[in-house]
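Written out below as structure tokens is the structure these notes cover.
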Amino acid sequence: MARFIVRRFLQAVPALLGVSVISFFLVHLVPGGPAAAMLGPRATPARIAVINREFGLNKPLWDQYGNWMWQLLHGNLGVSYFYNETVWHLIQVNMPRTLAIVGLGVLIAHLSSILLGSAQAYFRDTKFDYVMTALTYFFYSMPVFWPGILFIIIFSIDLGWFPSGGLSNALVNNPGFGSWVAHTTLPVLTIVLTTVAGWGRYMRTTMTDTLVQDYVRTARSKGLSEFVVVVKHALRNSVLPLITLLGFSLPNLFSGALLIEVVFNYPGMGLLFWNAAMQRDYPIILGVVVITGVLTILGNLLADILYSLVDPRIQYN
Amino acid sequence: MSAKPEFREALASPPAIKAPRGSSREWRAFWHNPLARLGVGGLAFMVLFAFAGPLFWHQDANQPNLLQTLAAPTLHHPLGTDSLGRDYLKRMMLGGQLSLLVGFAAALVTTVIGVLYGLVSGLVGGAVDAVMMRFIDIMYAIPYLFLLLFLDSVFRPNAAVLIFVIAALSWFGVARLVRSEVLSLKHRDFVEAARAMGSSTWRIMIRHLLPNVMGVVVVNATFQVADAILVVAYLSFLGLGLPPPTPNWGEMLSTSMQYMFQNAWWLIYPPGIAILVVELSVNFIGDALRQAFDPRLNRTRT
């Protein structure tokens, strides 16, 4: 077991290196550097050269990469061009907020899709199943930001229950727990709704597959109660693939969080990245991409290990 | 969320080996599915609306009328006017043209790249395969929308470039899918037989493997259309996307958000519903195709 974990960790190292190389070169090779963005359309080549020299952008790319990587290994992601703060600090401030809504959203979405999917599979081809299938299709087909906007219209503008956004303003006056709850409810709800739509459909498929398996029939014929058959025998086995699915979904969850943070003006990694992309703040762009890449790889690693822990059929060698 | 390849990959179980092409049983099964008819009907309706509509509706989509800005629907402007007083119905039609074109073209390019990559990786195998797959792992780890947002913010591409940028960032799932299909096919007798007869690798790929992976590829391509249309909507929502003045639904939806507080519902709902109808139709078609091409799934659906 320990060897399996160590080996998976070692396999993650080249992937992490790859993420850093690809994101670094992608960001630096596209035309239109930060200098042009800062100085505007009437920038002279001379002034661009000055800025490039100041940020070290005039050196060969491999040197820049080596330097950046060396700093990265020391936990240093550089300084933002615009905020006069270290990128690491900005990420430290914003990352927990994103992880809060994504984590909470994923937790609730997981539980609800397990419930919904297995209920649909158990009562498949009934009215309940059809209505739920229609609803999940509906939310699955929506642009992620659209339910968010509907929530703002309904819960913020019409009912006035929740603020429509602006956690950053509230943060200035050191908000209490209530303010946090008010500002995170709608973003979390949006994540839950859009995620359950996909996962619930997936859960329905695996559960439908499981319910016709021989071991379920065996369990029934042993005279076990229906609850034990469904929950202990079928459900436990069909939940397993959801763990892998969660690992797979991480990049999309971050992408979705970006949109949701923009809708609700929620200051997290997504909003940080969006602002940085608009200003060509390269250190932030790179920092966010690399850190989300690392989180994704680690998340997949965790999902793998978790899967092997809960599924005794997996061999560790 | 946005692009959801992981569900598709996980859901799309390997189809049983069929007689290479010529079999119309799957297509009959597809057409017997009410989901398929609903999807095809919905999509056909939106395509007609976007491409044939302008033949019958002659208002100018780009002619501002500052005396009639943000006007609620009337007979003259059945969907009202936008903030510059332009006819919204006509803009919906033209917007549909661009959205559908980008969606289908991006799906096509994505599929071609993914299929080729997957075929080569699966058939060649060995170290080449390992390297090609690690590259995909790496690209998968970087959130797709982040890269797209960055590239779009730097390039401000036109539709043609955007199609290629979207395709360049979304073929990984198709490639993985095709590769795993090829791995399960490449030691079958008919491939061995073709090899024994001296067929080149290229010929085996095109004549023998490609027809057999077509089922999963077509299913996946339908979902790619849905994803590409959403992605354009996301980029527009983030203030990027395609340059004016030609509208697209995504851009119209996100622009209309600014008038949410003026209660300009006629600006918000039409593009939202249009996107939803196309997304639903394409997802219906994709699911119906999957059910038709995947007998294993049908058996468990009794």
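By order in the structure tokens, chains are A, B, ...; within a chain, residues start at 1; ligands start at 1, following the order shown.
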Polymer residues at most 8 Å from range 231-233 of chain A, only C-alpha atoms, same-chain spacing of 3 or more positions, as a list in words: Tyr215, Val216, Ala219, Phe227, Val228, Arg236 and Asn237 of chain A
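CA of Asp311 in chain A sits 7.6 Å away from CA of Leu240 in chain A.
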Filtered DSSP result for range 46-225 of chain A, state alpha helix (DSSP H), as a ChimeraX atom specification: /A:46-54,61-73,87-122,127-140,145-151,167-172,177-211,214-221
Shell around range 130-140 of chain B at 7 Å using only C-alpha atoms, local window under 5 positions removed, as an NGL selection string: (:A and (15 or 18-19)) or (:B and (121 or 172))
Limited to N, CA and C atoms, could you put the picked residues into a file as a PDB file, in the first residue's frame?
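Saved file part30.pdb follows:
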```pdb
ATOM      1  N   ALA A  15       4.307  14.971 -14.390  1.00  0.00           N
ATOM      2  CA  ALA A  15       3.090  15.686 -14.786  1.00  0.00           C
ATOM      3  C   ALA A  15       3.138  17.135 -14.296  1.00  0.00           C
ATOM      4  N   GLY A  18       5.511  19.005 -16.392  1.00  0.00           N
ATOM      5  CA  GLY A  18       4.884  19.266 -17.681  1.00  0.00           C
ATOM      6  C   GLY A  18       3.931  20.435 -17.619  1.00  0.00           C
ATOM      7  N   VAL A  19       3.116  20.467 -16.561  1.00  0.00           N
ATOM      8  CA  VAL A  19       2.176  21.581 -16.410  1.00  0.00           C
ATOM      9  C   VAL A  19       2.936  22.894 -16.362  1.00  0.00           C
TER      10      VAL A  19
ATOM     11  N   SER B 121      -1.811   6.994 -31.602  1.00  0.00           N
ATOM     12  CA  SER B 121      -1.323   6.601 -30.285  1.00  0.00           C
ATOM     13  C   SER B 121      -1.659   5.140 -29.991  1.00  0.00           C
ATOM     14  N   PHE B 172      -8.680  16.379 -26.337  1.00  0.00           N
ATOM     15  CA  PHE B 172      -8.026  15.351 -25.514  1.00  0.00           C
ATOM     16  C   PHE B 172      -8.962  14.188 -25.196  1.00  0.00           C
TER      17      PHE B 172
END
```
Within 9 Å of range 273-275 of chain B, counting only C-alpha atoms, which residues qualify if same-chain residues fewer than 5 places away don't, as a PyMOL selection string? (chain A and resi 141-143) or (chain B and resi 46+92+96+99+229-230+233+249-250+268+280)
